[in-house]
Amino acid sequence: EKKFLEIPNEILIQTMKTNQKYFPVFDKNKRLTNKFIAIANIESKDPSIIQKGNERVIRPRFSDAMFFWQKDKSKTLQEHGHNLNSLIFQKELGSMLEKSNRVSALAVEISKAIGGDVHLTARAGKLSRCDLLTETVNEFPSIQGTLGRHKATLDGEEDEVCKALEEFYLPRFSGDVLPKTKVGIAISLADKIDSLIGIFGIKQKPTGDKDPYGLRRAALGVIRIIRENNLELDLPMLLALSAKNFNIKKFELDVCDTVNSFFLDRLKGVYTEEGIKSDIFDSVAAKKLASLTDFDLRVKAII
């Protein structure tokens with residue numbers, strides 16, 4: 001039924017592809033249609049039976065999604081976030097509300113440095129995790145951020161804020177796209193740095209192949225965002241600003257140096273993959289540069 005197209009496309013597509021192995025169908029303008037393709041392993045004398053059967057299977061799933069979406073629409077994104085203090089990020093590092101406040105504060109400083117809108121950045125930082133408390137994300141966890149964008153758009157938030165709520169999670173994996181808006185860049189960097197400082201601060205850094213908080217991925221994400229956007233950011237200063245946002249009695253004193261070394265290790269791996277010899281990397285690293293962009297320019301000058 002066409003009424004289901006009211007639901008954000010990402011939910012419908014995930015339901016079709018993941019749950020039922022159906023192929024969604026788009027029109028020539030790349031808009032999702034109310035049709036799908038299913039594959040049958042028999043040649044039926046009456047294909048309409050197979051058609052009706054598949055429609056009957058997918059309909060309840062779409063109906064559930066519609067229920068969750070309509071229920072979530074009854075409140076603004078900000079209202080959904082009123083209970084973020086009940087959602088724990090990490091028992092020693094506090095709630096998701098506390099993390100959102102830290103991320104917002106650090107993102108504002110990053111936004112100032114890259115010429116972003118400070119007020120929009122603060123707003124995006126505050127809203128960044130509100131969609132975690134929606135019924136829809138609870139049912140479809142993979143669309144967190146994407147749902148935030150849809151809800152913020154419905155709420156009439158500024159366009160850059162809406163986009164940033166989805167860019168907040170980028171890059172999600174190696175080779176993924178990067179945030180494009182300055183607000184998105186600021187809150188994405190701030191969130192990753194906050195996680196690194198926090199988890200290293202309570203001495204739960206990755207060991208061997210264990211990295212439950214995805215800190216290696218977070219560090220590589222920060223490196224990619226800064227390098228590929230040629231951002232003039234003082235990374236050690238950002239680490240120090242992030243550390244000040246935590247109020248933990250047993251916080252590791254040299255956490256900033258430890259995280260900075262962690263970044264350098266990841267950066268060396270990136271350059272190695274690009275064919276840069278380790279002696280070139282080490283010679284530039286010896287300068288203890290604050291800017292990854294400056295670091296990159298010096299490496300390129302040598303080669």
# chains A, B, ... in the order shown; residues from 1 in each chain; ligands from 1

call {"tool": "residues_around", "arguments": {"residues": "Trp69 (chain A)", "least_positions_apart": "4", "cutoff": "8 Å", "atoms": "only C-alpha atoms", "output": "ChimeraX atom specification"}}
result
/A:7,65,73,135-136

call {"tool": "write_last_selection", "arguments": {"atoms": "all heavy atoms", "output": "PDB file, in the first residue's frame"}}
result
ATOM      1  N   ILE A   7       6.638   6.255   5.729  1.00  0.00           N
ATOM      2  CA  ILE A   7       7.721   5.833   6.618  1.00  0.00           C
ATOM      3  C   ILE A   7       9.058   6.192   5.961  1.00  0.00           C
ATOM      4  O   ILE A   7       9.194   6.073   4.737  1.00  0.00           O
ATOM      5  CB  ILE A   7       7.655   4.304   6.847  1.00  0.00           C
ATOM      6  CG1 ILE A   7       6.281   3.905   7.377  1.00  0.00           C
ATOM      7  CG2 ILE A   7       8.754   3.836   7.788  1.00  0.00           C
ATOM      8  CD1 ILE A   7       6.035   2.411   7.369  1.00  0.00           C
ATOM      9  N   ALA A  65       6.347  -0.949  11.549  1.00  0.00           N
ATOM     10  CA  ALA A  65       7.209   0.220  11.322  1.00  0.00           C
ATOM     11  C   ALA A  65       6.382   1.501  11.301  1.00  0.00           C
ATOM     12  O   ALA A  65       6.796   2.527  11.861  1.00  0.00           O
ATOM     13  CB  ALA A  65       7.974   0.054  10.012  1.00  0.00           C
ATOM     14  N   LYS A  73       6.602  10.382  15.968  1.00  0.00           N
ATOM     15  CA  LYS A  73       6.270  11.705  15.434  1.00  0.00           C
ATOM     16  C   LYS A  73       5.484  12.551  16.426  1.00  0.00           C
ATOM     17  O   LYS A  73       5.407  13.767  16.278  1.00  0.00           O
ATOM     18  CB  LYS A  73       5.476  11.565  14.135  1.00  0.00           C
ATOM     19  CG  LYS A  73       6.303  11.175  12.928  1.00  0.00           C
ATOM     20  CD  LYS A  73       5.424  10.784  11.751  1.00  0.00           C
ATOM     21  CE  LYS A  73       4.526  11.911  11.303  1.00  0.00           C
ATOM     22  NZ  LYS A  73       3.673  11.517  10.157  1.00  0.00           N
ATOM     23  N   GLU A 135      11.107   4.791  19.509  1.00  0.00           N
ATOM     24  CA  GLU A 135      10.653   3.411  19.303  1.00  0.00           C
ATOM     25  C   GLU A 135      11.254   2.841  18.018  1.00  0.00           C
ATOM     26  O   GLU A 135      11.604   1.661  17.950  1.00  0.00           O
ATOM     27  CB  GLU A 135       9.117   3.382  19.210  1.00  0.00           C
ATOM     28  CG  GLU A 135       8.392   3.829  20.458  1.00  0.00           C
ATOM     29  CD  GLU A 135       8.338   2.755  21.521  1.00  0.00           C
ATOM     30  OE1 GLU A 135       8.737   1.613  21.226  1.00  0.00           O
ATOM     31  OE2 GLU A 135       7.907   3.064  22.647  1.00  0.00           O
ATOM     32  N   THR A 136      11.382   3.710  17.006  1.00  0.00           N
ATOM     33  CA  THR A 136      11.851   3.234  15.708  1.00  0.00           C
ATOM     34  C   THR A 136      13.301   2.766  15.763  1.00  0.00           C
ATOM     35  O   THR A 136      13.647   1.714  15.225  1.00  0.00           O
ATOM     36  CB  THR A 136      11.701   4.343  14.644  1.00  0.00           C
ATOM     37  OG1 THR A 136      10.373   4.871  14.695  1.00  0.00           O
ATOM     38  CG2 THR A 136      11.949   3.801  13.247  1.00  0.00           C
TER      39      THR A 136
END

call {"tool": "select_by_dssp", "arguments": {"residues": "region 20-82 of chain A", "states": "helix (DSSP H, G or I)", "output": "ChimeraX atom specification"}}
result
/A:47-73,77-82

call {"tool": "closest_residue", "arguments": {"among": "A:Val270, A:Leu12, A:Val118, A:Ala113", "to": "Ile143 (chain A)", "atoms": "only C-alpha atoms"}}
result
A:Leu12

call {"tool": "closest_atom_pairs", "arguments": {"of": "region 87-140 of chain A", "to": "region 152-172 of chain A", "cutoff": "8 Å", "atoms": "only C-alpha atoms", "output": "Markdown table"}}
result
| residue | atom | partner | partner_atom | distance |
| --- | --- | --- | --- | --- |
| A:Leu120 | CA | A:Val161 | CA | 6.1 |
| A:Thr121 | CA | A:Val161 | CA | 7.2 |
| A:Arg123 | CA | A:Val161 | CA | 7.2 |
| A:Ala124 | CA | A:Val161 | CA | 5.3 |
| A:Leu127 | CA | A:Leu165 | CA | 7.5 |
| A:Ser128 | CA | A:Leu165 | CA | 5.5 |

call {"tool": "closest_residue", "arguments": {"among": "A:Arg227, A:Lys192, A:Lys52, A:Arg129", "to": "Gly214 (chain A)", "atoms": "only C-alpha atoms"}}
result
A:Lys192

call {"tool": "closest_residue", "arguments": {"among": "A:Phe173, A:Tyr22, A:Phe89, A:Tyr213", "to": "Leu132 (chain A)", "atoms": "only C-alpha atoms"}}
result
A:Phe89

call {"tool": "atom_distance", "arguments": {"atom1": "CA of Leu84 (chain A)", "atom2": "CA of Ala190 (chain A)"}}
result
18.3 Å

call {"tool": "closest_residue", "arguments": {"among": "A:Ile197, A:Leu133, A:Leu87, A:Ile11", "to": "Pro236 (chain A)", "atoms": "only C-alpha atoms"}}
result
A:Ile197

call {"tool": "closest_residue", "arguments": {"among": "A:Leu147, A:Val255, A:Ile225, A:Ile88", "to": "Thr134 (chain A)", "atoms": "only C-alpha atoms"}}
result
A:Leu147

call {"tool": "closest_residue", "arguments": {"among": "A:Glu10, A:Asp117, A:Asp176, A:Asp191", "to": "Glu98 (chain A)", "atoms": "only C-alpha atoms"}}
result
A:Asp191

call {"tool": "residues_around", "arguments": {"residues": "Lys99 (chain A)", "least_positions_apart": "4", "cutoff": "9 Å", "atoms": "only C-alpha atoms", "output": "PyMOL selection string"}}
result
chain A and resi 89+93-95+103-104+191+194-195

call {"tool": "atom_distance", "arguments": {"atom1": "CA of Thr15 (chain A)", "atom2": "CA of Asn54 (chain A)"}}
result
12.8 Å

call {"tool": "atom_distance", "arguments": {"atom1": "CA of Gln51 (chain A)", "atom2": "CA of Arg31 (chain A)"}}
result
22.2 Å

call {"tool": "residues_around", "arguments": {"residues": "Arg224 (chain A)", "least_positions_apart": "5", "cutoff": "10 Å", "atoms": "only C-alpha atoms", "output": "list in words"}}
result
Pro171, Ser174, Gly175, Leu178, Ala218, Ala219, Asn229, Asn230, Leu267, Val270 and Leu292 of chain A

call {"tool": "residues_around", "arguments": {"residues": "Asn34 (chain A)", "least_positions_apart": "2", "cutoff": "8 Å", "atoms": "only C-alpha atoms", "output": "JSON, numbers by chain"}}
result
{"A": [1, 2, 4, 5, 25, 32, 36]}
